[in-house]
Amino acid sequence: MTLNPEHLTNRYHETGTLDLATVKAFQKCILAYHHANPRPMPWRETRDPYCILISEIMLQQTQVERVKAKYAEFLAAFPTLADLAAAPLPEVLRVWQGLGYNRRALALKRCAEEIVDRFAGQFPTTIEELESLPGIGPYTARAVATFAFGAVEAFIETNIRTVFIHFFFHNRDKVGDREIMPLVAATLDRGDPRTWFYGLMDYGVMLKQSHPNPGRRSAHHTRQSRFEGSNRQLRSRMLRAVMEHPGITALALAKLLGAEQETVQSNLEAMQREGFLCKQGKGMGIRG
């Protein structure tokens with residue numbers, strides 16, 4: 001089933017509301033595509049909140065195919081929440097290598113520790129409780145609550161944003177999430193929110209592949225900064241080097257990496273504040 005985005009945009013903006021027929025037609029379009037074009041992913045086959053949390057954290061700024069392999073490796077190394085909470089941070093970071101954005105690994109481990117300590121190992125089920133965990137924002141809390149516990153709650157991410165801009169903001173630029181969220185809520189399939197959001201995400205992926213990316217017309221769209229030669233790349237290399245050479249000094253690290261000592265020192269201090277590193281002898285080691 002196909003819908004005319006220009007017609008849908010005009011109809012919505014003329015009335016300011018969505019009638020039931022429009023909602024049903026939109027839902028039918030999205031779900032028909034989803035069922036005809038399945039995208040098998042291991043985290044879609046489970047309702048275990050621990051597994052779903054891992055996938056959601058990994059999928060932030062990382063392509064699905066890269067996540068699939070690392071997801072299996074991570075679960076093999078830390079099969080339960082308690083295993084991750086008890087694991088030494090160096091081991092968690094070692095398994096995480098290859099995904100980048102190492103702050104996500106640190107946040108994931110801290111989540112596991114808090115759930116064990118503060119919730120007696122029982123995974124929190126409410127959005128408020130989930131948002132109280134380290135590094136868990138509004139989207140991740142709602143995604144975990146929906147995919148693990150069947151919560152009926154509107155949320156938005158890049159692929160969902162793409163779908164709504166395509167259908168309801170035809171030829172508009174700088175579309176804000178405040179305009180999109182009422183539409184996400186109004187079209188939500190309350191009977192099966194899990195399948196519905198998977199369907200929206202899959203449709204968004206298809207739109208990015210078949211159209212000039214509608215997501216670029218979002219007010220929140222930003223181009224990802226170049227990794228090569230960036231400070232982010234330097235931090236990644238530094239972390240790997242500290243893992244391989246515990247107790248390494250800033251001077252030795254700068255020489256090893258061919259970087260300015262002042263830059264290395266400032267990054268070491270930042271990574272210590274963030275919880276990655278700690279003093280080890282005259283140099284630095286991985287915390288924990």
# chains A, B, ... in the order shown; residues from 1 in each chain; ligands from 1
>>> select_by_dssp(residues="stretch 21-254 of chain A", states="alpha helix (DSSP H)", output="number ranges by chain")
A: 21-36, 49-59, 64-77, 81-86, 89-96, 103-118, 127-131, 138-149, 158-168, 177-187, 193-210, 231-244, 250-254
>>> residues_around(residues="A:Ala148", least_positions_apart="3", cutoff="9 Å", atoms="only C-alpha atoms", output="MDAnalysis selection string")
chainID A and resid 46:50 52:53 125 143:145 151 194
>>> residues_around(residues="stretch 183-187 of chain A", least_positions_apart="6", cutoff="8 Å", atoms="only C-alpha atoms", output="ChimeraX atom specification")
/A:18,23,26-27,153-156,164
>>> atom_distance(atom1="atom CA of A:Gln122", atom2="atom CA of A:Trp43")
19.7 Å
>>> closest_residue(among="A:Asn102, A:Gln261, A:Ser55, A:Gln60", to="A:Glu157", atoms="only C-alpha atoms")
A:Gln60
>>> atom_distance(atom1="atom CA of A:His245", atom2="atom CA of A:Leu277")
12.6 Å
>>> residues_around(residues="stretch 258-260 of chain A", least_positions_apart="2", cutoff="12 Å", atoms="only C-alpha atoms", output="number ranges by chain")
A: 229-231, 233-235, 237-238, 250-256, 262-267
>>> residues_around(residues="A:Leu84", least_positions_apart="4", cutoff="9 Å", atoms="only C-alpha atoms", output="PyMOL selection string")
chain A and resi 77-80+88+92+108-109+112-113
>>> write_last_selection(atoms="all heavy atoms", output="mmCIF file, in the first residue's frame")
data_model
loop_
_atom_site.group_PDB
_atom_site.id
_atom_site.type_symbol
_atom_site.label_atom_id
_atom_site.label_comp_id
_atom_site.auth_asym_id
_atom_site.auth_seq_id
_atom_site.Cartn_x
_atom_site.Cartn_y
_atom_site.Cartn_z
ATOM 1 N N ALA A 77 30.173 -13.031 26.508
ATOM 2 C CA ALA A 77 31.120 -12.675 27.574
ATOM 3 C C ALA A 77 30.410 -12.330 28.873
ATOM 4 O O ALA A 77 30.892 -12.650 29.963
ATOM 5 C CB ALA A 77 31.983 -11.493 27.123
ATOM 6 N N PHE A 78 29.242 -11.699 28.762
ATOM 7 C CA PHE A 78 28.479 -11.241 29.947
ATOM 8 C C PHE A 78 27.019 -11.649 29.773
ATOM 9 O O PHE A 78 26.170 -10.825 29.426
ATOM 10 C CB PHE A 78 28.606 -9.721 30.109
ATOM 11 C CG PHE A 78 30.006 -9.199 29.917
ATOM 12 C CD1 PHE A 78 30.339 -8.452 28.784
ATOM 13 C CD2 PHE A 78 31.001 -9.473 30.845
ATOM 14 C CE1 PHE A 78 31.628 -7.978 28.596
ATOM 15 C CE2 PHE A 78 32.301 -9.011 30.660
ATOM 16 C CZ PHE A 78 32.610 -8.262 29.536
ATOM 17 N N PRO A 79 26.706 -12.919 29.965
ATOM 18 C CA PRO A 79 25.360 -13.425 29.642
ATOM 19 C C PRO A 79 24.240 -12.878 30.512
ATOM 20 O O PRO A 79 23.077 -12.934 30.107
ATOM 21 C CB PRO A 79 25.499 -14.941 29.800
ATOM 22 C CG PRO A 79 26.727 -15.149 30.628
ATOM 23 C CD PRO A 79 27.629 -13.997 30.352
ATOM 24 N N THR A 80 24.563 -12.381 31.693
ATOM 25 C CA THR A 80 23.513 -11.859 32.571
ATOM 26 C C THR A 80 23.896 -10.487 33.085
ATOM 27 O O THR A 80 25.070 -10.074 33.039
ATOM 28 C CB THR A 80 23.282 -12.774 33.787
ATOM 29 O OG1 THR A 80 24.424 -12.699 34.659
ATOM 30 C CG2 THR A 80 23.044 -14.218 33.367
ATOM 31 N N PRO A 88 35.287 -6.847 35.527
ATOM 32 C CA PRO A 88 36.232 -5.725 35.580
ATOM 33 C C PRO A 88 36.035 -4.818 34.365
ATOM 34 O O PRO A 88 35.799 -5.314 33.243
ATOM 35 C CB PRO A 88 37.606 -6.405 35.530
ATOM 36 C CG PRO A 88 37.354 -7.846 35.859
ATOM 37 C CD PRO A 88 35.967 -8.144 35.379
ATOM 38 N N VAL A 92 35.328 -5.368 30.088
ATOM 39 C CA VAL A 92 34.165 -4.834 29.369
ATOM 40 C C VAL A 92 34.630 -3.992 28.185
ATOM 41 O O VAL A 92 34.113 -4.132 27.061
ATOM 42 C CB VAL A 92 33.275 -4.000 30.308
ATOM 43 C CG1 VAL A 92 32.116 -3.368 29.530
ATOM 44 C CG2 VAL A 92 32.740 -4.870 31.447
ATOM 45 N N LEU A 108 26.843 1.399 30.193
ATOM 46 C CA LEU A 108 26.167 0.102 30.273
ATOM 47 C C LEU A 108 26.592 -0.660 31.522
ATOM 48 O O LEU A 108 25.760 -1.244 32.232
ATOM 49 C CB LEU A 108 26.484 -0.697 29.011
ATOM 50 C CG LEU A 108 25.643 -1.943 28.711
ATOM 51 C CD1 LEU A 108 24.159 -1.647 28.761
ATOM 52 C CD2 LEU A 108 26.035 -2.493 27.341
ATOM 53 N N LYS A 109 27.892 -0.651 31.802
ATOM 54 C CA LYS A 109 28.364 -1.328 33.013
ATOM 55 C C LYS A 109 27.808 -0.650 34.264
ATOM 56 O O LYS A 109 27.396 -1.320 35.216
ATOM 57 C CB LYS A 109 29.889 -1.361 33.058
ATOM 58 C CG LYS A 109 30.417 -1.943 34.374
ATOM 59 C CD LYS A 109 31.829 -2.400 34.317
ATOM 60 C CE LYS A 109 32.369 -2.740 35.702
ATOM 61 N NZ LYS A 109 31.554 -3.759 36.402
ATOM 62 N N ALA A 112 24.279 -1.707 34.881
ATOM 63 C CA ALA A 112 24.211 -3.044 35.480
ATOM 64 C C ALA A 112 24.521 -2.978 36.972
ATOM 65 O O ALA A 112 23.837 -3.612 37.794
ATOM 66 C CB ALA A 112 25.179 -3.984 34.770
ATOM 67 N N GLU A 113 25.536 -2.202 37.341
ATOM 68 C CA GLU A 113 25.911 -2.082 38.750
ATOM 69 C C GLU A 113 24.783 -1.460 39.566
ATOM 70 O O GLU A 113 24.469 -1.915 40.673
ATOM 71 C CB GLU A 113 27.186 -1.233 38.873
ATOM 72 C CG GLU A 113 28.428 -1.927 38.329
ATOM 73 C CD GLU A 113 29.626 -1.001 38.226
ATOM 74 O OE1 GLU A 113 29.448 0.235 38.357
ATOM 75 O OE2 GLU A 113 30.745 -1.513 38.019
#
>>> closest_residue(among="A:Tyr198, A:Tyr203, A:Tyr139, A:Phe149", to="A:Thr162", atoms="only C-alpha atoms")
A:Tyr203
>>> closest_residue(among="A:Met41, A:Ile136, A:Phe147, A:Asp192", to="A:Ala72", atoms="only C-alpha atoms")
A:Met41
>>> residues_around(residues="A:Pro134", least_positions_apart="5", cutoff="7 Å", atoms="only C-alpha atoms", output="PDB file with all heavy atoms, in the first residue's frame")
ATOM      1  N   ALA A 107      28.765   3.411  30.470  1.00  0.00           N
ATOM      2  CA  ALA A 107      27.388   3.646  30.938  1.00  0.00           C
ATOM      3  C   ALA A 107      26.640   2.331  31.113  1.00  0.00           C
ATOM      4  O   ALA A 107      25.890   2.152  32.080  1.00  0.00           O
ATOM      5  CB  ALA A 107      26.646   4.549  29.951  1.00  0.00           C
ATOM      6  N   ARG A 110      27.796   0.672  34.280  1.00  0.00           N
ATOM      7  CA  ARG A 110      27.259   1.391  35.434  1.00  0.00           C
ATOM      8  C   ARG A 110      25.768   1.122  35.617  1.00  0.00           C
ATOM      9  O   ARG A 110      25.278   1.038  36.748  1.00  0.00           O
ATOM     10  CB  ARG A 110      27.503   2.898  35.272  1.00  0.00           C
ATOM     11  CG  ARG A 110      28.962   3.293  35.522  1.00  0.00           C
ATOM     12  CD  ARG A 110      29.192   4.765  35.279  1.00  0.00           C
ATOM     13  NE  ARG A 110      30.514   5.196  35.716  1.00  0.00           N
ATOM     14  CZ  ARG A 110      31.025   6.394  35.454  1.00  0.00           C
ATOM     15  NH1 ARG A 110      30.328   7.270  34.738  1.00  0.00           N
ATOM     16  NH2 ARG A 110      32.227   6.707  35.900  1.00  0.00           N
ATOM     17  N   CYS A 111      25.035   0.983  34.524  1.00  0.00           N
ATOM     18  CA  CYS A 111      23.612   0.600  34.612  1.00  0.00           C
ATOM     19  C   CYS A 111      23.468  -0.744  35.317  1.00  0.00           C
ATOM     20  O   CYS A 111      22.625  -0.902  36.209  1.00  0.00           O
ATOM     21  CB  CYS A 111      23.002   0.503  33.216  1.00  0.00           C
ATOM     22  SG  CYS A 111      22.519   2.057  32.496  1.00  0.00           S
TER      23      CYS A 111
END
>>> atom_distance(atom1="atom CA of A:Lys28", atom2="atom CA of A:Phe168")
15.8 Å
>>> residues_around(residues="A:Ile30", least_positions_apart="3", cutoff="10 Å", atoms="only C-alpha atoms", output="tab-separated table (two decimals) with N, CA and C atoms, in the first residue's frame")
chain	number	residue	atom	x	y	z
A	1	MET	N	0.84	-1.19	0.00
A	1	MET	CA	0.00	0.00	0.00
A	1	MET	C	0.88	1.25	0.00
A	2	THR	N	0.50	2.26	-0.80
A	2	THR	CA	1.26	3.50	-0.84
A	2	THR	C	0.36	4.67	-0.44
A	3	LEU	N	0.99	5.68	0.14
A	3	LEU	CA	0.29	6.91	0.50
A	3	LEU	C	1.00	8.06	-0.18
A	25	ALA	N	-5.02	4.33	7.60
A	25	ALA	CA	-4.31	4.18	6.32
A	25	ALA	C	-2.80	4.25	6.52
A	26	PHE	N	-2.36	5.16	7.38
A	26	PHE	CA	-0.94	5.30	7.68
A	26	PHE	C	-0.41	4.04	8.36
A	27	GLN	N	-1.12	3.54	9.34
A	27	GLN	CA	-0.70	2.32	10.03
A	27	GLN	C	-0.63	1.14	9.06
A	33	TYR	N	4.51	-2.77	4.79
A	33	TYR	CA	5.91	-2.80	4.38
A	33	TYR	C	6.75	-3.63	5.36
A	34	HIS	N	6.51	-3.43	6.65
A	34	HIS	CA	7.28	-4.14	7.67
A	34	HIS	C	7.13	-5.66	7.54
A	35	HIS	N	5.90	-6.12	7.33
A	35	HIS	CA	5.67	-7.57	7.24
A	35	HIS	C	6.19	-8.14	5.92
A	163	VAL	N	10.34	9.08	8.96
A	163	VAL	CA	9.02	8.68	8.44
A	163	VAL	C	8.01	9.82	8.57
A	196	TRP	N	4.80	-2.04	16.03
A	196	TRP	CA	4.59	-0.74	15.38
A	196	TRP	C	5.88	0.05	15.29
A	197	PHE	N	6.62	0.14	16.39
A	197	PHE	CA	7.84	0.93	16.36
A	197	PHE	C	8.92	0.26	15.51
A	198	TYR	N	8.98	-1.07	15.53
A	198	TYR	CA	9.90	-1.76	14.63
A	198	TYR	C	9.54	-1.44	13.18
A	199	GLY	N	8.25	-1.41	12.89
A	199	GLY	CA	7.79	-1.08	11.54
A	199	GLY	C	8.18	0.32	11.12
A	200	LEU	N	7.99	1.29	12.01
A	200	LEU	CA	8.39	2.66	11.71
A	200	LEU	C	9.88	2.75	11.44
A	201	MET	N	10.67	2.09	12.27
A	201	MET	CA	12.12	2.14	12.09
A	201	MET	C	12.53	1.54	10.75
A	202	ASP	N	11.93	0.42	10.38
A	202	ASP	CA	12.27	-0.23	9.12
A	202	ASP	C	11.86	0.63	7.93
A	203	TYR	N	10.70	1.27	8.03
A	203	TYR	CA	10.24	2.14	6.95
A	203	TYR	C	11.19	3.34	6.81
A	204	GLY	N	11.65	3.85	7.94
A	204	GLY	CA	12.59	4.96	7.91
A	204	GLY	C	13.89	4.58	7.23
>>> closest_residue(among="A:Ala219, A:Thr249, A:His166, A:Gly121", to="A:Lys279", atoms="only C-alpha atoms")
A:Thr249
>>> closest_residue(among="A:Leu8, A:Asp189, A:Glu274, A:Ile160", to="A:Arg104", atoms="only C-alpha atoms")
A:Glu274
>>> closest_residue(among="A:His7, A:Arg44, A:Arg142, A:Arg232", to="A:Asn171", atoms="only C-alpha atoms")
A:His7
>>> decode(residues="stretch 237-256 of chain A", atoms="N, CA, C and O atoms", output="PDB file, in the first residue's frame")
ATOM      1  N   ARG A 237      42.469   5.649  20.661  1.00  0.00           N
ATOM      2  CA  ARG A 237      43.822   5.077  20.606  1.00  0.00           C
ATOM      3  C   ARG A 237      44.473   5.102  21.987  1.00  0.00           C
ATOM      4  O   ARG A 237      45.179   4.169  22.375  1.00  0.00           O
ATOM      5  N   MET A 238      44.244   6.193  22.733  1.00  0.00           N
ATOM      6  CA  MET A 238      44.801   6.296  24.081  1.00  0.00           C
ATOM      7  C   MET A 238      44.252   5.208  24.989  1.00  0.00           C
ATOM      8  O   MET A 238      44.999   4.556  25.728  1.00  0.00           O
ATOM      9  N   LEU A 239      42.948   4.998  24.921  1.00  0.00           N
ATOM     10  CA  LEU A 239      42.329   3.989  25.788  1.00  0.00           C
ATOM     11  C   LEU A 239      42.876   2.605  25.476  1.00  0.00           C
ATOM     12  O   LEU A 239      43.195   1.833  26.386  1.00  0.00           O
ATOM     13  N   ARG A 240      43.020   2.315  24.199  1.00  0.00           N
ATOM     14  CA  ARG A 240      43.563   1.008  23.813  1.00  0.00           C
ATOM     15  C   ARG A 240      45.008   0.856  24.295  1.00  0.00           C
ATOM     16  O   ARG A 240      45.411  -0.204  24.786  1.00  0.00           O
ATOM     17  N   ALA A 241      45.778   1.928  24.186  1.00  0.00           N
ATOM     18  CA  ALA A 241      47.172   1.873  24.613  1.00  0.00           C
ATOM     19  C   ALA A 241      47.296   1.694  26.119  1.00  0.00           C
ATOM     20  O   ALA A 241      48.159   0.947  26.595  1.00  0.00           O
ATOM     21  N   VAL A 242      46.425   2.360  26.886  1.00  0.00           N
ATOM     22  CA  VAL A 242      46.460   2.199  28.346  1.00  0.00           C
ATOM     23  C   VAL A 242      46.073   0.773  28.728  1.00  0.00           C
ATOM     24  O   VAL A 242      46.626   0.189  29.667  1.00  0.00           O
ATOM     25  N   MET A 243      45.135   0.178  27.991  1.00  0.00           N
ATOM     26  CA  MET A 243      44.752  -1.204  28.248  1.00  0.00           C
ATOM     27  C   MET A 243      45.935  -2.141  28.000  1.00  0.00           C
ATOM     28  O   MET A 243      46.129  -3.120  28.719  1.00  0.00           O
ATOM     29  N   GLU A 244      46.717  -1.820  26.968  1.00  0.00           N
ATOM     30  CA  GLU A 244      47.850  -2.679  26.611  1.00  0.00           C
ATOM     31  C   GLU A 244      49.077  -2.403  27.471  1.00  0.00           C
ATOM     32  O   GLU A 244      49.935  -3.281  27.624  1.00  0.00           O
ATOM     33  N   HIS A 245      49.176  -1.181  28.027  1.00  0.00           N
ATOM     34  CA  HIS A 245      50.350  -0.790  28.814  1.00  0.00           C
ATOM     35  C   HIS A 245      49.905  -0.151  30.126  1.00  0.00           C
ATOM     36  O   HIS A 245      50.020   1.076  30.294  1.00  0.00           O
ATOM     37  N   PRO A 246      49.373  -0.934  31.045  1.00  0.00           N
ATOM     38  CA  PRO A 246      48.908  -0.366  32.323  1.00  0.00           C
ATOM     39  C   PRO A 246      50.021   0.398  33.028  1.00  0.00           C
ATOM     40  O   PRO A 246      51.177  -0.060  33.073  1.00  0.00           O
ATOM     41  N   GLY A 247      49.684   1.573  33.553  1.00  0.00           N
ATOM     42  CA  GLY A 247      50.658   2.375  34.258  1.00  0.00           C
ATOM     43  C   GLY A 247      51.471   3.295  33.364  1.00  0.00           C
ATOM     44  O   GLY A 247      52.389   3.968  33.830  1.00  0.00           O
ATOM     45  N   ILE A 248      51.118   3.371  32.086  1.00  0.00           N
ATOM     46  CA  ILE A 248      51.867   4.204  31.155  1.00  0.00           C
ATOM     47  C   ILE A 248      51.704   5.679  31.516  1.00  0.00           C
ATOM     48  O   ILE A 248      50.630   6.121  31.935  1.00  0.00           O
ATOM     49  N   THR A 249      52.786   6.445  31.372  1.00  0.00           N
ATOM     50  CA  THR A 249      52.747   7.868  31.694  1.00  0.00           C
ATOM     51  C   THR A 249      52.280   8.679  30.491  1.00  0.00           C
ATOM     52  O   THR A 249      52.279   8.184  29.347  1.00  0.00           O
ATOM     53  N   ALA A 250      51.915   9.930  30.740  1.00  0.00           N
ATOM     54  CA  ALA A 250      51.469  10.805  29.657  1.00  0.00           C
ATOM     55  C   ALA A 250      52.582  10.997  28.632  1.00  0.00           C
ATOM     56  O   ALA A 250      52.327  10.995  27.416  1.00  0.00           O
ATOM     57  N   LEU A 251      53.807  11.146  29.105  1.00  0.00           N
ATOM     58  CA  LEU A 251      54.929  11.343  28.187  1.00  0.00           C
ATOM     59  C   LEU A 251      55.133  10.122  27.300  1.00  0.00           C
ATOM     60  O   LEU A 251      55.279  10.237  26.071  1.00  0.00           O
ATOM     61  N   ALA A 252      55.127   8.943  27.919  1.00  0.00           N
ATOM     62  CA  ALA A 252      55.320   7.706  27.151  1.00  0.00           C
ATOM     63  C   ALA A 252      54.161   7.485  26.185  1.00  0.00           C
ATOM     64  O   ALA A 252      54.362   7.027  25.053  1.00  0.00           O
ATOM     65  N   LEU A 253      52.981   7.836  26.620  1.00  0.00           N
ATOM     66  CA  LEU A 253      51.800   7.656  25.777  1.00  0.00           C
ATOM     67  C   LEU A 253      51.862   8.595  24.572  1.00  0.00           C
ATOM     68  O   LEU A 253      51.547   8.199  23.442  1.00  0.00           O
ATOM     69  N   ALA A 254      52.267   9.833  24.812  1.00  0.00           N
ATOM     70  CA  ALA A 254      52.386  10.798  23.722  1.00  0.00           C
ATOM     71  C   ALA A 254      53.410  10.333  22.689  1.00  0.00           C
ATOM     72  O   ALA A 254      53.198  10.425  21.481  1.00  0.00           O
ATOM     73  N   LYS A 255      54.544   9.799  23.157  1.00  0.00           N
ATOM     74  CA  LYS A 255      55.569   9.301  22.244  1.00  0.00           C
ATOM     75  C   LYS A 255      55.065   8.093  21.464  1.00  0.00           C
ATOM     76  O   LYS A 255      55.293   7.962  20.257  1.00  0.00           O
ATOM     77  N   LEU A 256      54.361   7.197  22.170  1.00  0.00           N
ATOM     78  CA  LEU A 256      53.844   5.977  21.527  1.00  0.00           C
ATOM     79  C   LEU A 256      52.863   6.314  20.407  1.00  0.00           C
ATOM     80  O   LEU A 256      52.871   5.677  19.346  1.00  0.00           O
TER      81      LEU A 256
END
